[in-house]
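Structure file run-v3.txt (compact mmCIF, C-alpha atoms and all ligand atoms) follows.
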# COMPACT_ATOMS: atom_id res chain seq x y z
CA MET X 673 -1.67 22.35 -31.91
CA TYR X 674 -3.22 19.07 -30.84
CA GLY X 675 -4.64 18.47 -27.41
CA VAL X 676 -6.93 16.00 -25.69
CA ALA X 677 -10.02 17.66 -24.28
CA LEU X 678 -12.52 16.24 -21.83
CA THR X 679 -15.73 17.05 -23.71
CA ASP X 680 -18.18 15.15 -21.51
CA LYS X 681 -18.00 12.72 -18.62
CA GLN X 682 -15.80 9.78 -19.65
CA THR X 683 -15.16 11.31 -23.08
CA LEU X 684 -11.70 12.41 -24.15
CA GLU X 685 -11.30 13.84 -27.65
CA TYR X 686 -8.03 14.27 -29.50
CA GLN X 687 -8.57 17.53 -31.32
CA GLN X 688 -6.89 20.46 -32.98
CA LYS X 689 -6.90 23.72 -31.06
CA THR X 690 -5.66 27.22 -31.83
CA LEU X 691 -3.78 28.90 -29.02
CA PRO X 692 -4.49 32.61 -28.50
CA PRO X 693 -1.43 34.94 -28.68
CA LEU X 694 0.57 35.06 -25.41
CA GLU X 695 -0.06 37.90 -22.96
CA HIS X 696 2.97 39.88 -21.76
CA ASN X 697 3.14 37.92 -18.46
CA GLU X 698 2.55 34.42 -19.84
CA ILE X 699 4.84 31.54 -20.82
CA LEU X 700 4.29 28.91 -23.49
CA LEU X 701 5.59 25.42 -22.70
CA LYS X 702 6.09 22.54 -25.07
CA VAL X 703 4.80 19.59 -23.00
CA HIS X 704 7.21 16.66 -22.99
CA ALA X 705 5.69 14.56 -20.21
CA ILE X 706 2.42 14.66 -18.30
CA GLY X 707 1.41 12.21 -15.60
CA ILE X 708 -2.10 10.92 -14.94
CA CYS X 709 -3.14 11.70 -11.37
CA GLY X 710 -5.84 9.98 -9.35
CA SER X 711 -7.67 13.31 -9.46
CA ASP X 712 -7.59 13.25 -13.30
CA LEU X 713 -9.35 9.87 -13.19
CA ARG X 714 -11.94 11.24 -10.78
CA ILE X 715 -12.58 14.24 -13.05
CA PHE X 716 -12.82 11.90 -16.06
CA GLN X 717 -15.38 9.70 -14.30
CA HIS X 718 -17.47 12.21 -12.37
CA GLY X 719 -16.58 15.73 -13.56
CA ASP X 720 -15.62 18.48 -11.11
CA SER X 721 -17.44 21.59 -9.93
CA ARG X 722 -14.35 23.70 -10.72
CA ILE X 723 -14.21 22.54 -14.34
CA SER X 724 -16.45 23.58 -17.20
CA LEU X 725 -16.28 21.42 -20.31
CA PRO X 726 -14.68 21.14 -22.76
CA ARG X 727 -11.37 21.38 -20.91
CA ILE X 728 -7.86 19.99 -21.43
CA ILE X 729 -7.11 18.62 -17.96
CA GLY X 730 -3.79 17.48 -16.45
CA HIS X 731 -1.46 19.16 -13.95
CA GLU X 732 1.61 16.87 -13.61
CA ILE X 733 3.53 18.71 -16.28
CA ALA X 734 7.16 18.83 -17.42
CA GLY X 735 8.23 20.69 -20.54
CA GLU X 736 10.36 23.20 -22.31
CA VAL X 737 9.95 26.97 -22.46
CA VAL X 738 9.34 27.87 -26.13
CA GLU X 739 7.84 31.35 -25.92
CA LEU X 740 7.99 34.15 -23.36
CA GLY X 741 5.66 37.10 -22.78
CA SER X 742 7.38 40.47 -23.24
CA SER X 743 7.63 41.22 -19.49
CA ILE X 744 9.22 37.92 -18.46
CA SER X 745 12.92 37.99 -17.58
CA ARG X 746 13.16 35.11 -15.09
CA PHE X 747 13.21 32.38 -17.80
CA ASP X 748 14.89 31.74 -21.15
CA ILE X 749 13.74 29.96 -24.26
CA GLY X 750 14.85 26.34 -23.98
CA ASP X 751 14.61 26.14 -20.17
CA ARG X 752 13.57 22.64 -19.08
CA VAL X 753 11.03 22.95 -16.28
CA THR X 754 8.49 21.10 -14.17
CA LEU X 755 5.41 22.61 -12.55
CA GLY X 756 3.44 22.57 -9.34
CA ALA X 757 -0.33 22.26 -9.78
CA HIS X 758 -1.73 25.21 -7.87
CA ILE X 759 -2.35 28.72 -9.22
CA PRO X 760 -2.16 30.77 -6.00
CA CYS X 761 -3.81 34.19 -6.14
CA GLY X 762 -0.92 35.65 -4.14
CA VAL X 763 -3.07 37.90 -1.94
CA CYS X 764 -5.38 35.76 0.22
CA VAL X 765 -4.52 34.87 3.82
CA TYR X 766 -3.08 31.46 2.81
CA CYS X 767 -1.06 32.76 -0.12
CA GLN X 768 0.39 35.43 2.17
CA LYS X 769 1.66 32.61 4.40
CA ASN X 770 3.19 30.69 1.44
CA GLN X 771 0.39 28.14 1.59
CA GLY X 772 -0.81 28.66 -1.97
CA HIS X 773 -2.17 25.09 -2.01
CA HIS X 774 -4.92 26.34 0.32
CA CYS X 775 -5.60 29.50 -1.73
CA VAL X 776 -9.23 30.58 -1.27
CA LYS X 777 -9.66 30.80 -5.05
CA GLY X 778 -8.81 27.10 -5.49
CA HIS X 779 -7.38 27.56 -8.98
CA SER X 780 -5.15 24.86 -10.49
CA MET X 781 -3.65 23.96 -13.84
CA GLY X 782 -6.08 21.82 -15.81
CA TYR X 783 -9.10 23.06 -13.84
CA GLN X 784 -10.04 26.68 -14.60
CA VAL X 785 -7.43 26.84 -17.39
CA ASP X 786 -6.23 24.24 -19.87
CA GLY X 787 -3.69 21.74 -18.57
CA GLY X 788 -1.07 19.44 -19.97
CA PHE X 789 -2.62 16.71 -22.12
CA ALA X 790 -1.58 18.71 -25.19
CA GLU X 791 1.43 19.54 -27.32
CA TYR X 792 1.65 22.97 -25.69
CA VAL X 793 0.33 24.61 -22.56
CA ALA X 794 0.08 28.34 -21.88
CA LEU X 795 0.98 29.27 -18.30
CA PRO X 796 -1.28 32.11 -17.13
CA GLY X 797 0.27 35.26 -15.63
CA THR X 798 -0.95 34.45 -12.10
CA PHE X 799 0.70 31.05 -12.32
CA VAL X 800 3.98 32.51 -13.63
CA GLU X 801 3.89 35.01 -10.75
CA ASN X 802 2.77 32.81 -7.83
CA GLY X 803 2.88 29.17 -8.95
CA SER X 804 5.86 26.82 -8.90
CA ILE X 805 7.94 26.61 -12.09
CA GLN X 806 11.22 24.84 -11.37
CA LYS X 807 14.13 24.32 -13.73
CA ILE X 808 15.39 20.73 -13.79
CA ALA X 809 18.93 19.34 -14.04
CA ALA X 810 20.28 18.34 -17.47
CA THR X 811 20.52 14.78 -16.15
CA THR X 812 16.82 14.65 -15.21
CA SER X 813 14.43 13.28 -17.85
CA TYR X 814 11.09 14.95 -18.50
CA GLU X 815 9.34 11.73 -17.39
CA GLN X 816 11.12 11.83 -14.04
CA ALA X 817 10.43 15.56 -13.79
CA CYS X 818 6.67 15.23 -14.21
CA LEU X 819 6.65 13.23 -10.96
CA SER X 820 7.63 16.40 -9.10
CA GLU X 821 3.99 17.37 -8.49
CA PRO X 822 2.76 14.07 -6.97
CA PHE X 823 6.04 13.68 -5.08
CA SER X 824 5.71 17.21 -3.68
CA CYS X 825 2.38 16.10 -2.16
CA VAL X 826 4.13 13.08 -0.62
CA LEU X 827 6.84 15.32 0.86
CA SER X 828 4.20 17.71 2.18
CA GLY X 829 2.53 14.74 3.93
CA LEU X 830 5.85 13.61 5.42
CA GLN X 831 6.55 17.15 6.55
CA GLU X 832 3.34 17.09 8.58
CA LEU X 833 3.72 13.50 9.80
CA GLN X 834 7.38 13.90 10.90
CA PRO X 835 8.35 10.20 10.98
CA GLU X 836 11.63 9.48 12.75
CA PRO X 837 14.44 7.09 11.89
CA GLY X 838 13.81 3.85 13.70
CA ASP X 839 10.03 4.17 13.45
CA THR X 840 7.66 1.53 12.16
CA VAL X 841 5.22 3.03 9.65
CA VAL X 842 2.17 1.36 8.09
CA VAL X 843 1.20 2.44 4.56
CA TYR X 844 -2.26 1.63 3.20
CA GLY X 845 -2.16 1.25 -0.59
CA ALA X 846 0.79 0.70 -2.93
CA GLY X 847 -0.20 2.68 -6.00
CA ALA X 848 2.18 5.35 -7.33
CA ILE X 849 1.67 7.54 -4.24
CA GLY X 850 1.88 4.65 -1.78
CA CYS X 851 5.12 3.42 -3.40
CA MET X 852 6.58 6.95 -3.30
CA TYR X 853 5.83 7.03 0.43
CA ILE X 854 7.41 3.61 0.95
CA ALA X 855 10.62 4.53 -0.91
CA ALA X 856 10.91 7.96 0.71
CA LEU X 857 10.33 6.54 4.22
CA LYS X 858 13.10 3.98 3.73
CA ARG X 859 15.41 6.65 2.34
CA MET X 860 14.72 8.76 5.45
CA GLY X 861 15.82 5.89 7.67
CA VAL X 862 12.49 4.55 8.88
CA ALA X 863 13.23 1.10 10.31
CA LYS X 864 10.21 -0.86 9.17
CA VAL X 865 7.56 -0.12 6.56
CA ILE X 866 4.51 -2.38 6.61
CA VAL X 867 2.22 -2.16 3.58
CA ILE X 868 -1.42 -3.20 3.42
CA GLN X 869 -2.58 -3.87 -0.13
CA ARG X 870 -5.19 -6.15 -1.70
CA SER X 871 -3.89 -6.51 -5.26
CA ALA X 872 -1.02 -8.96 -5.74
CA PRO X 873 0.85 -6.99 -8.46
CA ARG X 874 0.84 -3.94 -6.23
CA ARG X 875 2.07 -5.95 -3.25
CA GLN X 876 4.99 -6.93 -5.48
CA LYS X 877 5.59 -3.25 -6.33
CA ALA X 878 5.53 -2.42 -2.62
CA ILE X 879 8.34 -4.92 -2.01
CA GLU X 880 10.34 -3.50 -4.93
CA ALA X 881 9.82 0.01 -3.52
CA GLY X 882 11.42 -1.12 -0.26
CA ALA X 883 8.58 -2.35 1.97
CA ASP X 884 9.77 -4.68 4.73
CA ILE X 885 6.45 -6.45 5.17
CA VAL X 886 3.39 -6.63 2.95
CA ILE X 887 0.01 -7.78 4.18
CA ASN X 888 -2.89 -8.98 2.06
CA PRO X 889 -5.90 -7.90 4.17
CA THR X 890 -8.20 -10.38 2.43
CA SER X 891 -6.22 -13.40 3.68
CA ALA X 892 -4.50 -12.14 6.85
CA ASP X 893 -5.58 -10.52 10.09
CA THR X 894 -4.08 -7.06 9.62
CA LEU X 895 -4.42 -5.98 13.24
CA GLN X 896 -2.79 -9.14 14.57
CA GLN X 897 0.07 -8.93 12.05
CA VAL X 898 0.87 -5.30 12.83
CA ILE X 899 0.71 -5.93 16.58
CA LYS X 900 3.08 -8.88 16.12
CA GLU X 901 5.52 -6.83 14.01
CA THR X 902 5.63 -4.02 16.58
CA ASN X 903 6.18 -6.02 19.76
CA GLY X 904 2.59 -5.59 20.77
CA GLN X 905 2.67 -1.79 20.62
CA GLY X 906 1.20 -0.77 17.29
CA ALA X 907 2.82 1.35 14.59
CA ASP X 908 4.43 4.72 15.29
CA SER X 909 2.53 6.19 12.39
CA ILE X 910 0.13 5.26 9.62
CA ILE X 911 -0.29 6.74 6.14
CA ILE X 912 -3.56 6.08 4.32
CA THR X 913 -3.24 6.51 0.54
CA ALA X 914 -6.28 4.35 -0.28
CA PRO X 915 -9.76 5.96 -0.35
CA SER X 916 -11.24 3.61 2.23
CA PRO X 917 -13.37 4.42 5.33
CA ASP X 918 -12.53 0.98 6.74
CA ALA X 919 -8.82 1.71 6.49
CA GLN X 920 -9.34 4.98 8.35
CA ASN X 921 -11.03 3.18 11.24
CA GLU X 922 -8.57 0.30 11.24
CA ALA X 923 -5.65 2.76 11.33
CA LEU X 924 -6.88 4.11 14.67
CA ARG X 925 -6.56 0.57 16.07
CA LEU X 926 -3.18 -0.22 14.44
CA VAL X 927 -1.42 2.93 15.62
CA LYS X 928 0.33 2.95 18.97
CA THR X 929 -0.70 5.20 21.85
CA THR X 930 0.53 8.76 21.08
CA GLY X 931 1.08 7.76 17.42
CA SER X 932 0.07 9.66 14.28
CA VAL X 933 -2.30 8.94 11.40
CA LEU X 934 -2.04 10.78 8.07
CA ILE X 935 -5.13 10.72 5.85
CA PHE X 936 -3.93 11.31 2.29
CA ALA X 937 -6.86 9.97 0.23
CA GLY X 938 -10.34 11.48 -0.01
CA ILE X 939 -13.41 9.27 0.29
CA LYS X 940 -15.40 9.11 -2.95
CA ASN X 941 -19.04 10.23 -2.96
CA GLN X 942 -19.25 10.20 0.80
CA SER X 943 -19.42 13.24 3.00
CA SER X 944 -18.73 11.65 6.38
CA VAL X 945 -17.13 8.52 7.84
CA PRO X 946 -18.06 7.28 11.34
CA LEU X 947 -14.83 7.24 13.36
CA ASN X 948 -14.17 5.83 16.81
CA THR X 949 -13.10 9.12 18.35
CA ASN X 950 -12.49 7.43 21.72
CA GLN X 951 -9.42 5.87 20.13
CA ILE X 952 -8.17 9.34 19.25
CA MET X 953 -8.81 10.65 22.76
CA TYR X 954 -7.73 7.77 25.01
CA LYS X 955 -4.68 6.88 22.89
CA GLN X 956 -3.87 10.58 22.53
CA LEU X 957 -3.46 10.26 18.76
CA ARG X 958 -2.55 12.87 16.20
CA VAL X 959 -4.86 12.51 13.16
CA ILE X 960 -3.90 14.79 10.30
CA GLY X 961 -4.78 15.29 6.66
CA THR X 962 -2.79 16.81 3.84
CA HIS X 963 -3.84 17.80 0.35
CA GLY X 964 -1.72 19.30 -2.39
CA ALA X 965 1.62 20.87 -1.63
CA PRO X 966 3.12 24.28 -0.93
CA ARG X 967 5.82 25.59 -3.26
CA ALA X 968 8.53 24.73 -0.70
CA SER X 969 7.63 21.04 -1.01
CA HIS X 970 7.71 21.28 -4.79
CA VAL X 971 11.19 22.84 -4.71
CA GLU X 972 12.24 20.01 -2.39
CA ALA X 973 10.70 17.37 -4.69
CA VAL X 974 12.71 18.65 -7.66
CA LYS X 975 15.89 18.37 -5.54
CA TRP X 976 15.12 14.73 -4.74
CA ILE X 977 14.57 14.03 -8.44
CA ASP X 978 17.63 15.97 -9.68
CA GLN X 979 19.85 14.28 -7.11
CA GLY X 980 18.38 10.85 -7.80
CA LEU X 981 17.61 10.25 -4.12
CA LEU X 982 15.07 7.64 -5.22
CA ASP X 983 14.81 5.55 -8.38
CA PHE X 984 12.08 7.73 -9.88
CA ASP X 985 11.93 5.68 -13.11
CA PHE X 986 10.58 2.83 -11.00
CA PHE X 987 7.28 4.68 -10.40
CA ILE X 988 6.56 5.02 -14.15
CA THR X 989 5.18 1.76 -15.47
CA HIS X 990 3.44 2.90 -18.68
CA SER X 991 3.95 5.65 -21.24
CA PHE X 992 1.75 6.68 -24.15
CA GLN X 993 1.64 9.06 -27.11
CA LEU X 994 -0.79 11.97 -26.98
CA GLU X 995 -3.26 10.28 -29.37
CA GLU X 996 -3.40 7.38 -26.92
CA THR X 997 -4.47 9.50 -23.93
CA ALA X 998 -7.87 7.75 -23.63
CA LYS X 999 -6.07 4.39 -23.51
CA ALA X 1000 -3.67 5.83 -20.95
CA PHE X 1001 -6.63 6.78 -18.73
CA GLN X 1002 -8.07 3.26 -19.12
CA THR X 1003 -4.74 1.75 -18.09
CA ALA X 1004 -4.38 4.10 -15.12
CA ASP X 1005 -7.93 3.25 -14.04
CA SER X 1006 -7.26 -0.50 -14.27
CA LYS X 1007 -4.62 -0.06 -11.54
CA GLU X 1008 -2.39 -2.61 -13.27
CA GLY X 1009 0.71 -0.48 -12.84
CA LEU X 1010 1.84 2.65 -11.03
CA LYS X 1011 2.16 6.00 -12.83
CA CYS X 1012 0.98 6.34 -16.45
CA VAL X 1013 2.72 9.13 -18.37
CA VAL X 1014 1.73 10.70 -21.70
CA LYS X 1015 4.53 12.06 -23.91
CA PRO X 1016 2.98 14.52 -26.38
CA GLN X 1017 6.13 14.99 -28.50
CA GLU X 1018 6.51 11.31 -29.42
ZN ZN U 1101 -1.41 15.12 -9.17
ZN ZN U 1102 -4.73 32.86 -2.55
Would you encode the structure as structure tokens?
Amino acid sequence: MYGVALTDKQTLEYQQKTLPPLEHNEILLKVHAIGICGSDLRIFQHGDSRISLPRIIGHEIAGEVVELGSSISRFDIGDRVTLGAHIPCGVCVYCQKNQGHHCVKGHSMGYQVDGGFAEYVALPGTFVENGSIQKIAATTSYEQACLSEPFSCVLSGLQELQPEPGDTVVVYGAGAIGCMYIAALKRMGVAKVIVIQRSAPRRQKAIEAGADIVINPTSADTLQQVIKETNGQGADSIIITAPSPDAQNEALRLVKTTGSVLIFAGIKNQSSVPLNTNQIMYKQLRVIGTHGAPRASHVEAVKWIDQGLLDFDFFITHSFQLEETAKAFQTADSKEGLKCVVKPQE
């Protein structure tokens, strides 16, 4: 089969690869759609301590079951499925509590094992046993389905944040994740979503996703605007999807007393950010972080997609053939659209 391997930093090679025979507890998927995640771009640029090269990366996978190990009875050939990213060990303290996304082993598709930028991907036994493999509705496309992984992370964030109908929520960043937050918040009945975003095309996307107000922080006073839009109180909650220390500090000022701040984006190449912790204490704030998603959120994400609760096609702005994966990464990195998807069977 053909796959695209990361052979060195910033080097993707389209190459032929022979798959070893399937073990009794493994599944072979034909990959129909694979999304490019922000983490894929980070791995492409800087490498990752969990990955030894060469490696086929990619974890936002939707495909079709084409071969089953001899001991697998839960699936049939031809099943259309989408995957979670994590490979929980099943035995550690987190896995025992159904929090496989915090598994002490830290294994994920496309990290310690080959991922989805390929015609086929073999799902290891541990993944088949403990990971999330969800069948999708006949009416769901593979492109929509591959959004289940990033959207599960969004739902996991919302689960922790617990916004209420009638709230005003500020979202920093209107990339694919930011726009998923905006659309999901509106669908959940949040009264006002205010988006802070520098790039003009992404501000436009934020409006299309359902944002009520968009602020360009380079030309407007963000604090003043948010205060004005919230009758002087500040926002009920804030979601930060942009990797920015300044946004993290600003969020503590924009949020109302007793409000909540969700940090969803890691800070690149920086181990610590100075925060005004007095804001957290005197305003009695709840500052939380989420990363990845438990299987329950992935199951939920597939329901949202199958039932068409959001226009999931909206989040996909570019698609590419497998040979064009390097170009797809370039496009994703340029931030000119939202989600870039590779379709290896086209
Ligand atoms: Zn992802
Ligand atoms: Zn574990």
For ligand ZN 1101 (chain U), list the contacting residues at 6 Å or closer, counting all atoms listed in the file, as a tab-separated table (two decimals) with C-alpha atoms, keeping the file's coordinate frame.
chain	number	residue	atom	x	y	z
X	709	CYS	CA	-3.14	11.70	-11.37
X	732	GLU	CA	1.61	16.87	-13.61
X	821	GLU	CA	3.99	17.37	-8.49
X	822	PRO	CA	2.76	14.07	-6.97
Practice task
With only C-alpha atoms and all ligand atoms counted, collect every polymer residue having an atom within 7 Å of ligand ZN 1102 (chain U); state the result as number ranges by chain.
Solution key: X: 760-767, 772, 775-777
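Closest approach to Thr930 in chain X from the set X:Gly730, X:Pro837, X:Gly906, X:Gly735 is made by X:Gly906, with distances taken over only C-alpha atoms.
Pairwise distance (CA of Leu725 in chain X, CA of Thr683 in chain X) equals 10.5 Å.
Atom pair CA of Ile805 in chain X / CA of Gly778 in chain X: separated by 18.0 Å.
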Completion exercise
One decimal place gives the CA of Asn948 in chain X-CA of Met852 in chain X separation as 28.9 Å
Practice task
Can you work out which one of X:Ser711, X:Gln869, X:Ser909, X:Thr949 has the shortest atom-to-atom distance to Thr890 in chain X, counting all atoms listed in the file?
Solution key: X:Gln869
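Distances here use all atoms listed in the file; by that measure, the residue among X:Glu880, X:Tyr686, X:Tyr674, X:Gln1017 closest to Glu996 in chain X is X:Tyr686.
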Problem - Neighbour list for Gln784 in chain X as a list in words, cut-off 9 Å, only C-alpha atoms, skip fewer than 4 positions in-chain - result: Arg722, Ile723, Ser724, Arg727, His779 and Ser780 of chain X
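Between Asp786 in chain X and the candidates X:Ala907, X:Ala872, X:Ile728, X:Ala883, the tightest atom-to-atom separation, counting only C-alpha atoms, involves X:Ile728.
If all atoms listed in the file are the atoms counted, then among X:Thr690, X:Ser745, X:Thr997, X:Gln905 the closest residue to Gly931 in chain X is X:Gln905.
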